[in-house]
>>> print(open('start_14.cif').read())   # mmCIF, C-alpha atoms and all ligand atoms
data_work
loop_
_atom_site.label_atom_id
_atom_site.label_comp_id
_atom_site.auth_asym_id
_atom_site.auth_seq_id
_atom_site.Cartn_x
_atom_site.Cartn_y
_atom_site.Cartn_z
CA MET A 1 8.19 53.77 22.06
CA ALA A 2 7.56 57.50 21.67
CA LYS A 3 4.48 58.42 19.63
CA THR A 4 5.52 60.61 16.69
CA LYS A 5 3.23 63.55 15.92
CA LYS A 6 3.64 66.42 13.54
CA VAL A 7 2.38 69.77 14.80
CA ALA A 8 2.07 72.86 12.62
CA VAL A 9 2.62 76.04 14.61
CA LEU A 10 1.18 79.25 13.18
CA PRO A 11 1.85 82.18 15.53
CA GLY A 12 0.26 84.80 13.25
CA ASP A 13 0.16 88.43 14.32
CA GLY A 14 0.19 90.64 17.43
CA ILE A 15 0.12 88.70 20.70
CA GLY A 16 -0.13 85.50 18.64
CA LEU A 17 3.68 85.56 18.47
CA GLU A 18 3.96 85.78 22.27
CA ILE A 19 1.30 83.34 23.46
CA VAL A 20 2.09 80.57 20.97
CA GLU A 21 5.64 80.40 22.33
CA GLU A 22 4.20 79.51 25.74
CA GLY A 23 1.87 76.95 24.18
CA VAL A 24 4.83 75.28 22.46
CA LYS A 25 6.79 75.21 25.74
CA VAL A 26 3.93 73.32 27.39
CA LEU A 27 3.44 71.06 24.36
CA LYS A 28 7.11 70.03 24.49
CA GLN A 29 7.10 69.49 28.25
CA ALA A 30 3.95 67.38 28.11
CA GLY A 31 5.42 65.50 25.14
CA GLU A 32 8.49 64.60 27.19
CA GLN A 33 6.41 63.42 30.14
CA PHE A 34 3.81 61.48 28.20
CA GLY A 35 6.03 59.79 25.61
CA TYR A 36 5.77 61.83 22.40
CA HIS A 37 8.25 62.70 19.74
CA PHE A 38 7.00 65.97 18.24
CA GLU A 39 7.96 67.31 14.85
CA VAL A 40 7.13 70.97 15.38
CA GLU A 41 7.21 73.16 12.29
CA HIS A 42 6.43 76.88 12.19
CA ALA A 43 4.75 78.66 9.24
CA LEU A 44 3.46 82.09 8.30
CA ILE A 45 -0.22 83.06 8.37
CA GLY A 46 -2.22 86.29 8.44
CA GLY A 47 -0.77 89.79 8.24
CA GLY A 48 2.84 88.62 8.54
CA ALA A 49 2.29 86.30 5.58
CA ILE A 50 0.77 89.15 3.56
CA ASP A 51 3.81 91.32 4.27
CA ARG A 52 6.36 88.61 3.47
CA LEU A 53 4.63 86.55 0.76
CA GLY A 54 1.73 88.67 -0.49
CA THR A 55 -1.02 86.31 0.69
CA PRO A 56 -2.63 85.63 4.12
CA PHE A 57 -2.59 81.84 3.65
CA PRO A 58 0.48 80.75 1.67
CA GLU A 59 0.36 77.39 -0.09
CA ALA A 60 3.33 76.15 1.98
CA THR A 61 1.31 76.82 5.17
CA ASN A 62 -1.70 75.03 3.72
CA GLN A 63 0.47 72.02 2.79
CA LEU A 64 2.08 71.91 6.23
CA CYS A 65 -1.33 71.92 7.95
CA ARG A 66 -2.56 69.12 5.70
CA GLU A 67 0.49 66.99 6.52
CA SER A 68 0.22 67.62 10.27
CA ASP A 69 -1.67 65.76 12.99
CA ALA A 70 -2.64 69.06 14.62
CA VAL A 71 -2.34 72.80 14.11
CA LEU A 72 -1.63 75.32 16.89
CA LEU A 73 -2.59 78.87 15.91
CA GLY A 74 -2.07 82.14 17.78
CA ALA A 75 -4.19 84.87 16.18
CA VAL A 76 -4.24 86.93 13.02
CA GLY A 77 -5.08 90.50 12.13
CA GLY A 78 -4.36 94.04 13.15
CA PRO A 79 -4.95 97.67 12.14
CA LYS A 80 -2.13 97.57 9.59
CA TRP A 81 -4.24 95.34 7.32
CA ASP A 82 -7.77 96.52 8.21
CA GLN A 83 -8.23 98.51 4.99
CA ASN A 84 -7.04 95.66 2.73
CA PRO A 85 -9.50 94.18 0.21
CA PRO A 86 -11.23 90.95 1.40
CA GLU A 87 -8.78 88.61 -0.37
CA LEU A 88 -5.84 90.32 1.32
CA ARG A 89 -7.20 90.45 4.84
CA PRO A 90 -5.47 88.33 7.51
CA GLU A 91 -8.83 86.91 8.65
CA LYS A 92 -9.31 85.33 5.22
CA ALA A 93 -6.63 82.80 6.23
CA LEU A 94 -8.82 81.56 9.08
CA PHE A 95 -11.72 80.84 6.74
CA ASP A 96 -9.46 79.02 4.26
CA LEU A 97 -7.87 76.96 7.01
CA ARG A 98 -11.13 76.05 8.75
CA GLN A 99 -13.02 75.27 5.56
CA GLY A 100 -10.06 73.65 3.79
CA LEU A 101 -9.59 71.11 6.58
CA GLY A 102 -13.35 70.58 7.01
CA LEU A 103 -13.26 71.76 10.62
CA TYR A 104 -16.96 72.47 11.09
CA ALA A 105 -17.19 71.92 14.86
CA ASN A 106 -15.68 74.61 17.04
CA LEU A 107 -15.62 73.72 20.74
CA ARG A 108 -15.25 76.67 23.09
CA PRO A 109 -15.43 75.70 26.77
CA ALA A 110 -15.82 78.35 29.46
CA SER A 111 -15.56 77.43 33.12
CA LEU A 112 -14.64 79.26 36.27
CA PHE A 113 -11.22 78.43 37.73
CA PRO A 114 -10.97 78.32 41.53
CA GLY A 115 -9.54 81.58 42.85
CA LEU A 116 -10.88 83.70 40.00
CA GLU A 117 -14.39 84.27 41.39
CA GLY A 118 -13.48 87.89 42.12
CA SER A 119 -11.99 88.55 38.68
CA SER A 120 -15.31 88.77 36.89
CA THR A 121 -17.47 91.86 37.07
CA LEU A 122 -20.36 89.54 37.97
CA ARG A 123 -21.36 88.48 41.50
CA SER A 124 -19.64 85.32 42.70
CA GLU A 125 -22.98 83.59 43.60
CA VAL A 126 -23.95 83.84 39.92
CA LEU A 127 -20.63 82.39 38.81
CA LYS A 128 -20.28 79.43 41.16
CA ASP A 129 -20.06 76.12 39.23
CA VAL A 130 -20.10 77.75 35.79
CA ASP A 131 -19.02 75.15 33.26
CA LEU A 132 -20.43 75.52 29.78
CA LEU A 133 -19.38 74.58 26.29
CA VAL A 134 -20.23 76.59 23.20
CA VAL A 135 -20.34 74.36 20.12
CA ARG A 136 -20.10 76.78 17.22
CA GLU A 137 -20.78 75.78 13.62
CA LEU A 138 -17.62 76.97 11.88
CA THR A 139 -17.73 76.46 8.13
CA GLY A 140 -21.16 77.72 7.09
CA GLY A 141 -23.62 80.55 7.60
CA ILE A 142 -23.13 84.21 6.86
CA TYR A 143 -19.33 83.98 6.98
CA PHE A 144 -19.29 81.79 3.87
CA GLY A 145 -22.32 83.01 1.89
CA ASP A 146 -21.97 85.13 -1.25
CA LYS A 147 -21.28 88.79 -0.50
CA TRP A 148 -21.06 91.81 -2.71
CA THR A 149 -21.34 95.59 -2.78
CA GLU A 150 -23.05 97.56 -5.51
CA GLU A 151 -22.04 101.16 -5.97
CA LYS A 152 -25.13 103.12 -7.00
CA GLU A 153 -26.13 106.69 -7.38
CA GLY A 154 -27.46 107.76 -4.03
CA GLY A 155 -25.36 105.28 -2.07
CA ALA A 156 -23.92 101.80 -2.14
CA THR A 157 -25.75 98.59 -1.21
CA ALA A 158 -23.85 95.80 0.58
CA THR A 159 -25.20 92.25 0.73
CA ASP A 160 -24.20 89.21 2.82
CA THR A 161 -26.10 85.97 2.40
CA LEU A 162 -26.74 83.43 5.14
CA VAL A 163 -27.12 79.87 3.87
CA TYR A 164 -27.38 76.64 5.85
CA HIS A 165 -27.83 73.21 4.35
CA GLU A 166 -29.63 70.56 6.37
CA TYR A 167 -26.53 68.29 6.52
CA GLU A 168 -24.46 71.12 8.01
CA ILE A 169 -27.00 71.67 10.77
CA GLU A 170 -27.43 67.97 11.44
CA ARG A 171 -23.74 67.16 11.86
CA ILE A 172 -23.06 70.02 14.30
CA LEU A 173 -26.14 69.11 16.33
CA ARG A 174 -25.07 65.48 16.51
CA ARG A 175 -21.66 66.60 17.69
CA ALA A 176 -23.28 68.72 20.41
CA PHE A 177 -25.48 65.86 21.61
CA GLU A 178 -22.50 63.48 21.69
CA LEU A 179 -20.49 65.99 23.73
CA ALA A 180 -23.44 66.54 26.09
CA ARG A 181 -23.44 62.80 26.85
CA GLY A 182 -19.97 63.20 28.37
CA ARG A 183 -21.14 66.19 30.41
CA ARG A 184 -24.44 67.11 32.11
CA ARG A 185 -26.69 65.92 29.28
CA LYS A 186 -28.30 69.19 28.35
CA VAL A 187 -28.21 70.94 24.96
CA THR A 188 -29.39 74.49 24.40
CA SER A 189 -29.90 75.08 20.70
CA VAL A 190 -29.64 78.80 20.02
CA ASP A 191 -31.23 80.40 16.97
CA LYS A 192 -33.30 83.35 15.77
CA ALA A 193 -36.26 81.27 14.58
CA ASN A 194 -38.67 84.16 15.08
CA VAL A 195 -36.96 85.98 12.18
CA LEU A 196 -34.59 83.84 10.11
CA GLU A 197 -35.52 81.11 7.67
CA SER A 198 -32.18 79.37 8.30
CA SER A 199 -32.99 79.33 12.02
CA ARG A 200 -36.38 77.76 11.38
CA LEU A 201 -34.61 74.94 9.54
CA TRP A 202 -32.06 74.77 12.37
CA ARG A 203 -34.83 74.29 14.95
CA LYS A 204 -36.60 71.64 12.87
CA VAL A 205 -33.38 69.66 12.47
CA ALA A 206 -32.58 70.03 16.18
CA LYS A 207 -35.95 68.50 17.09
CA ARG A 208 -35.38 65.60 14.70
CA VAL A 209 -31.81 64.88 15.84
CA ALA A 210 -32.89 65.04 19.50
CA LYS A 211 -35.04 61.94 18.99
CA ASP A 212 -31.82 59.90 18.67
CA TYR A 213 -30.64 61.21 22.05
CA PRO A 214 -33.56 60.64 24.44
CA ASP A 215 -31.14 60.72 27.39
CA VAL A 216 -30.17 64.33 26.60
CA GLU A 217 -32.44 67.29 27.36
CA LEU A 218 -32.94 69.72 24.46
CA GLU A 219 -34.08 73.31 24.89
CA HIS A 220 -34.42 75.97 22.21
CA MET A 221 -33.50 79.56 22.95
CA LEU A 222 -33.55 82.71 20.87
CA VAL A 223 -30.12 84.26 20.62
CA ASP A 224 -31.02 87.63 22.14
CA ASN A 225 -32.50 85.93 25.19
CA CYS A 226 -29.47 83.61 25.39
CA ALA A 227 -27.12 86.60 25.43
CA MET A 228 -28.94 87.76 28.54
CA GLN A 229 -29.43 84.38 30.27
CA ILE A 230 -25.75 83.50 29.90
CA ILE A 231 -24.96 86.38 32.23
CA ARG A 232 -28.04 86.02 34.45
CA ARG A 233 -27.93 82.28 35.17
CA PRO A 234 -24.80 80.84 33.52
CA LYS A 235 -24.70 77.65 35.56
CA ASP A 236 -27.94 76.47 33.91
CA PHE A 237 -26.09 76.02 30.62
CA ASP A 238 -24.22 72.86 29.71
CA VAL A 239 -23.76 72.62 25.91
CA ILE A 240 -24.83 75.58 23.76
CA VAL A 241 -24.97 74.73 20.06
CA THR A 242 -25.40 77.46 17.53
CA GLU A 243 -24.57 78.81 14.09
CA ASN A 244 -21.33 80.47 13.12
CA MET A 245 -21.85 84.14 13.93
CA PHE A 246 -24.00 83.64 17.03
CA GLY A 247 -21.32 81.28 18.38
CA ASP A 248 -18.59 83.83 17.73
CA ILE A 249 -20.42 86.46 19.74
CA LEU A 250 -21.72 84.26 22.57
CA SER A 251 -18.29 82.75 23.21
CA ASP A 252 -16.65 86.17 23.67
CA GLU A 253 -19.50 87.00 26.03
CA ALA A 254 -18.91 83.79 27.99
CA ALA A 255 -15.35 84.94 28.60
CA ILE A 256 -16.72 87.44 31.10
CA LEU A 257 -17.91 84.56 33.27
CA THR A 258 -14.33 83.31 33.63
CA GLY A 259 -12.70 86.67 34.27
CA SER A 260 -10.82 87.14 30.99
CA ILE A 261 -10.92 86.30 27.32
CA GLY A 262 -7.31 85.25 27.89
CA LEU A 263 -8.61 82.05 29.51
CA LEU A 264 -10.82 80.68 26.70
CA PRO A 265 -9.36 77.91 24.52
CA SER A 266 -10.85 76.29 21.46
CA ALA A 267 -10.67 73.18 19.31
CA SER A 268 -11.92 73.06 15.73
CA LEU A 269 -12.70 69.55 14.56
CA GLY A 270 -13.98 67.69 11.53
CA GLU A 271 -14.58 64.00 10.97
CA GLY A 272 -11.02 62.78 11.54
CA SER A 273 -8.50 63.33 14.34
CA ARG A 274 -6.77 66.32 12.82
CA GLY A 275 -7.72 69.52 14.60
CA LEU A 276 -6.96 73.21 14.82
CA TYR A 277 -6.32 74.60 18.30
CA GLU A 278 -6.39 78.29 19.05
CA PRO A 279 -7.42 80.72 21.76
CA VAL A 280 -10.85 82.33 21.31
CA HIS A 281 -9.34 85.82 21.47
CA GLY A 282 -7.64 87.77 18.71
CA SER A 283 -4.28 89.43 18.14
CA ALA A 284 -4.96 92.15 20.75
CA PRO A 285 -3.08 94.98 19.01
CA ASP A 286 -3.58 97.19 22.09
CA ILE A 287 -1.18 95.05 24.18
CA ALA A 288 0.93 93.35 21.48
CA GLY A 289 4.71 93.43 21.82
CA GLN A 290 4.65 94.14 25.56
CA GLY A 291 4.91 90.56 26.86
CA VAL A 292 1.82 91.01 29.05
CA ALA A 293 -0.80 88.86 27.28
CA ASN A 294 -2.34 85.93 29.11
CA PRO A 295 -1.13 82.67 27.49
CA ALA A 296 -3.58 80.43 29.42
CA ALA A 297 -6.08 80.17 26.55
CA THR A 298 -3.34 78.92 24.23
CA ILE A 299 -1.95 76.51 26.82
CA LEU A 300 -5.46 75.16 27.43
CA SER A 301 -5.86 74.80 23.65
CA VAL A 302 -2.77 72.57 23.73
CA ALA A 303 -4.57 70.45 26.34
CA MET A 304 -7.50 70.16 23.93
CA MET A 305 -5.04 69.06 21.23
CA PHE A 306 -3.92 66.14 23.39
CA ARG A 307 -7.56 65.23 24.08
CA HIS A 308 -9.07 65.51 20.63
CA SER A 309 -6.20 64.87 18.19
CA PHE A 310 -3.97 62.50 20.21
CA HIS A 311 -6.80 60.93 22.24
CA ASP A 312 -4.66 61.33 25.36
CA GLU A 313 -6.96 62.27 28.22
CA GLU A 314 -4.23 61.93 30.83
CA ALA A 315 -1.91 64.46 29.21
CA ALA A 316 -4.83 66.84 28.56
CA ARG A 317 -5.88 66.68 32.19
CA ALA A 318 -2.32 67.16 33.41
CA ILE A 319 -2.04 70.42 31.46
CA GLU A 320 -5.46 71.63 32.61
CA GLN A 321 -4.70 70.79 36.22
CA SER A 322 -1.39 72.66 35.97
CA VAL A 323 -3.16 75.81 34.74
CA ARG A 324 -5.78 75.35 37.45
CA GLN A 325 -3.05 75.02 40.09
CA VAL A 326 -1.02 78.06 39.07
CA LEU A 327 -4.18 80.18 39.06
CA ALA A 328 -5.15 78.80 42.48
CA GLU A 329 -1.64 79.67 43.71
CA GLY A 330 -2.16 83.27 42.56
CA ALA A 331 -0.49 83.44 39.14
CA ARG A 332 -2.01 86.49 37.42
CA THR A 333 -1.21 88.18 34.14
CA ALA A 334 -2.26 91.83 33.81
CA ASP A 335 -5.78 91.02 32.56
CA LEU A 336 -6.54 89.22 35.85
CA ALA A 337 -4.34 91.04 38.34
CA THR A 338 -5.96 93.39 40.82
CA SER A 339 -4.09 96.57 41.57
CA ASP A 340 -2.35 95.18 44.65
CA GLU A 341 -0.96 92.15 42.82
CA LEU A 342 2.21 92.17 40.79
CA ALA A 343 1.26 90.96 37.32
CA LEU A 344 3.29 88.22 35.67
CA SER A 345 4.62 88.53 32.15
CA THR A 346 3.46 86.12 29.44
CA ASP A 347 6.57 83.97 29.70
CA GLN A 348 6.62 83.96 33.51
CA PHE A 349 3.09 82.54 33.49
CA GLY A 350 4.11 79.90 30.91
CA ASP A 351 7.21 78.95 32.90
CA TRP A 352 5.13 78.53 36.04
CA VAL A 353 2.75 76.16 34.23
CA VAL A 354 5.72 74.14 32.95
CA GLU A 355 7.18 73.87 36.47
CA VAL A 356 3.87 72.63 37.90
CA LEU A 357 3.40 70.23 35.00
CA LYS A 358 6.80 68.68 35.76
CA GLN A 359 5.50 67.77 39.24
CA HIS A 360 2.30 66.26 37.84
CA ASN A 361 0.79 63.26 39.60
CA PRO A 362 -2.34 61.67 38.14
CA ASP A 363 -5.41 62.66 40.18
CA PRO A 364 -7.99 59.89 40.01
CA SER A 365 -10.56 62.07 41.81
CA VAL A 366 -11.34 64.17 38.72
CA PRO A 367 -13.93 62.35 36.59
CA ILE A 368 -12.75 62.06 32.98
CA ASP A 369 -16.26 62.41 31.59
CA MET A 370 -16.58 65.94 32.94
CA MET A 371 -13.72 67.13 30.76
CA VAL A 372 -14.25 68.71 27.35
N1 LIG B 1 -8.72 83.69 15.69
C1 LIG B 1 -8.17 84.87 15.41
O1 LIG B 1 -7.12 84.92 14.83
C2 LIG B 1 -8.86 86.13 15.82
C3 LIG B 1 -9.90 86.12 16.77
C4 LIG B 1 -10.49 87.33 17.13
C5 LIG B 1 -10.05 88.51 16.57
N2 LIG B 1 -9.04 88.48 15.65
C6 LIG B 1 -8.47 89.71 15.07
O2 LIG B 1 -7.71 90.32 16.10
C7 LIG B 1 -7.70 91.74 15.89
C8 LIG B 1 -8.09 92.45 17.18
O3 LIG B 1 -9.44 92.15 17.48
P1 LIG B 1 -10.21 92.66 18.78
O4 LIG B 1 -9.42 93.75 19.42
O5 LIG B 1 -11.59 92.89 18.41
O6 LIG B 1 -10.25 91.37 19.75
P2 LIG B 1 -9.11 90.75 20.65
O7 LIG B 1 -9.63 89.45 21.19
O8 LIG B 1 -7.82 90.71 19.95
O9 LIG B 1 -8.96 91.78 21.89
C9 LIG B 1 -10.08 92.23 22.65
C10 LIG B 1 -9.61 92.74 24.02
O10 LIG B 1 -9.19 91.62 24.81
C11 LIG B 1 -7.84 91.76 25.21
N3 LIG B 1 -7.19 90.46 25.09
C12 LIG B 1 -7.34 89.57 24.08
N4 LIG B 1 -6.57 88.50 24.30
C13 LIG B 1 -5.93 88.69 25.46
C14 LIG B 1 -4.97 87.93 26.22
N5 LIG B 1 -4.55 86.72 25.80
N6 LIG B 1 -4.52 88.44 27.37
C15 LIG B 1 -4.95 89.63 27.80
N7 LIG B 1 -5.85 90.41 27.15
C16 LIG B 1 -6.32 89.94 25.98
C17 LIG B 1 -7.23 92.77 24.25
O11 LIG B 1 -6.14 93.43 24.83
C18 LIG B 1 -8.41 93.67 23.93
O12 LIG B 1 -8.53 94.67 24.92
C19 LIG B 1 -8.66 91.99 14.72
O13 LIG B 1 -7.89 92.15 13.57
C20 LIG B 1 -9.50 90.74 14.64
O14 LIG B 1 -9.99 90.47 13.36
C21 LIG B 1 -8.43 87.31 15.28
C1 LIG B 2 -11.22 87.08 13.35
C2 LIG B 2 -12.58 86.51 13.09
C3 LIG B 2 -12.79 86.32 11.63
C4 LIG B 2 -12.83 85.23 13.88
C5 LIG B 2 -14.24 84.71 13.64
O1 LIG B 2 -15.19 85.48 13.67
O2 LIG B 2 -14.38 83.50 13.41
C6 LIG B 2 -12.64 85.38 15.37
O3 LIG B 2 -13.49 86.34 15.91
C7 LIG B 2 -12.82 84.07 16.09
O4 LIG B 2 -13.63 84.01 17.01
O5 LIG B 2 -12.09 83.12 15.77
MG MG B 3 -14.41 85.77 17.71
#
>>> encode(input="start_14.cif", output="structure tokens", more="lines below")
Ligand SMILES: NC(=O)c1ccc[n+]([C@@H]2O[C@H](COP(=O)([O-])OP(=O)(O)OC[C@H]3O[C@@H](n4cnc5c(N)ncnc54)[C@H](O)[C@@H]3O)[C@@H](O)[C@H]2O)c1
Ligand SMILES: CC(C)[C@H](C(=O)O)[C@@H](O)C(=O)O
Ligand SMILES: [Mg+2]
Amino acid sequence: MAKTKKVAVLPGDGIGLEIVEEGVKVLKQAGEQFGYHFEVEHALIGGGAIDRLGTPFPEATNQLCRESDAVLLGAVGGPKWDQNPPELRPEKALFDLRQGLGLYANLRPASLFPGLEGSSTLRSEVLKDVDLLVVRELTGGIYFGDKWTEEKEGGATATDTLVYHEYEIERILRRAFELARGRRRKVTSVDKANVLESSRLWRKVAKRVAKDYPDVELEHMLVDNCAMQIIRRPKDFDVIVTENMFGDILSDEAAILTGSIGLLPSASLGEGSRGLYEPVHGSAPDIAGQGVANPAATILSVAMMFRHSFHDEEAARAIEQSVRQVLAEGARTADLATSDELALSTDQFGDWVVEVLKQHNPDPSVPIDMMV
């Protein structure tokens, strides 16, 4: 009996429209192979939704996401909407979606795929065995605090407030410790406790929560140092857990370890099985519409959907191994191609992954507990 799942697909803006198509191709292929009946429904979000419906997050899109087992998102935003007021900015849709579904835990894995050692600007000895997971708090902190601007004589004053409640810190830390148990059992809690009150609370809660996980090593690191150590000795990191804005920045930085931001997937989770899956990157207006964007991050986000929303480790691994194999065989989109290689288009890369996935044979040699 096929398992029926409803998946909301929100391509968004810019390259979102191109990469999501490849993600859906892989979703459907994996569904066929692993016994799913998917109800895939597309909806507007971001700039396109502003243009067509006057709001970045239409109620119909919200409803669809709430009725779905999982959401696949491309990216939102672009210069066309950059001067809009806050309520009419494409990015506002992300906050409504994440907060509305209670998706406070954002998992952003970054590991080095075989064959890509030379794609990073870093030395390959530094990169060997890199496999880290940024666990970013996603529904609190400075993104969601009160903000206002006061126009005054002599110049305006703009204020953003950064608030964290103890329960918000505790639940993301617990999630990080749980994830570390399926990996190398090390958590680096990143904060700015030498300056920020919210970070001092973060550190206190981290120490308390750690007592329930004596089998997991906890280290604390200040965010500025972490930004440096991630590049200097990346393989020493296993799980990095941090607040919303630090996690946003550190995960883009981690992309450099892998060779391209086009390789970094993400899963945003709450307490239930419903999740939001999207690449870490944005709508890339500089390359949008050319069919050259790397769809790997979106395809790998689909793998995370099978793992975290459908609890199907085998299908998740099959997709990840297919991406791994095409990269090992030399598949390169423009972001990864060196000058002497002919770059693949977005859909050629997606088609290649689908072809390899069709040939999939379970590989018992890859330990399940090393997968995120
Ligand atoms: N989740 C999201 O929807 C999301 C995430 C980040 C940024 N954004 C939005 O996207 C817009 C552009 O932001 P930005 O330029 O700062 O960041 P970006 O991630 O869109 O692009 C940064 C750089 O990486 C490249 N890049 C990104 N994805 C790529 C891919 N898949 N393949 C190849 N190259 C890729 C781009 O060409 C660009 O040079 C902004 O409006 C921003 O708010 C949205
Ligand atoms: C577009 C922006 C609001 C968003 C964020 O900061 O959360 C993005 O950078 C991300 O990483 O998903
Ligand atoms: Mg970001």
>>> closest_residue(input="start_14.cif", among="A:Ala180, A:Ala343, A:Leu336, A:Val280", to="ligand MG 3 (chain B)", atoms="all atoms listed in the file")
A:Val280
>>> residues_around(input="start_14.cif", residues="Gly54 of chain A", least_positions_apart="4", cutoff="12 Å", atoms="all atoms listed in the file", output="compact mmCIF listing (two decimals) with C-alpha atoms, in the frame of the given file")
# COMPACT_ATOMS: atom_id res chain seq x y z
CA LEU A 44 3.46 82.09 8.30
CA ILE A 45 -0.22 83.06 8.37
CA GLY A 46 -2.22 86.29 8.44
CA GLY A 47 -0.77 89.79 8.24
CA GLY A 48 2.84 88.62 8.54
CA ALA A 49 2.29 86.30 5.58
CA ILE A 50 0.77 89.15 3.56
CA PRO A 58 0.48 80.75 1.67
CA GLU A 59 0.36 77.39 -0.09
CA TRP A 81 -4.24 95.34 7.32
CA ASN A 84 -7.04 95.66 2.73
CA GLU A 87 -8.78 88.61 -0.37
CA LEU A 88 -5.84 90.32 1.32
CA ARG A 89 -7.20 90.45 4.84
CA PRO A 90 -5.47 88.33 7.51
>>> residues_near_ligand(input="start_14.cif", ligand="ligand MG 3 (chain B)", cutoff="7 Å", atoms="all atoms listed in the file", output="MDAnalysis selection string")
chainID A and resid 248:249 252 280:281
>>> closest_residue(input="start_14.cif", among="A:Phe34, A:Phe177, A:Phe349, A:Phe113", to="Asn294 of chain A", atoms="only C-alpha atoms")
A:Phe349
>>> residues_near_ligand(input="start_14.cif", ligand="ligand LIG 2 (chain B)", cutoff="10 Å", atoms="all atoms listed in the file", output="ChimeraX atom specification")
/A:75-78,89-95,98,106,108,136,138-139,143,244-252,266,278-283
>>> closest_residue(input="start_14.cif", among="A:Ala210, A:Ile172, A:Met221, A:Met305", to="Val190 of chain A", atoms="only C-alpha atoms")
A:Met221
>>> residues_around(input="start_14.cif", residues="His308 of chain A", least_positions_apart="4", cutoff="8 Å", atoms="all atoms listed in the file", output="PDB file with C-alpha atoms, in the frame of the given file")
ATOM      1  CA  ALA A 267     -10.670  73.180  19.310  1.00  0.00           C
ATOM      2  CA  SER A 273      -8.500  63.330  14.340  1.00  0.00           C
ATOM      3  CA  GLY A 275      -7.720  69.520  14.600  1.00  0.00           C
ATOM      4  CA  MET A 304      -7.500  70.160  23.930  1.00  0.00           C
ATOM      5  CA  ASP A 312      -4.660  61.330  25.360  1.00  0.00           C
TER       6      ASP A 312
END
>>> closest_residue(input="start_14.cif", among="A:Ser345, A:Ser309, A:Gln321, A:Ser260", to="ligand LIG 1 (chain B)", atoms="only C-alpha atoms and all ligand atoms")
A:Ser260
>>> atom_distance(input="start_14.cif", atom1="atom O3 of ligand LIG 1 (chain B)", atom2="atom CA of Glu243 of chain A")
20.5 Å
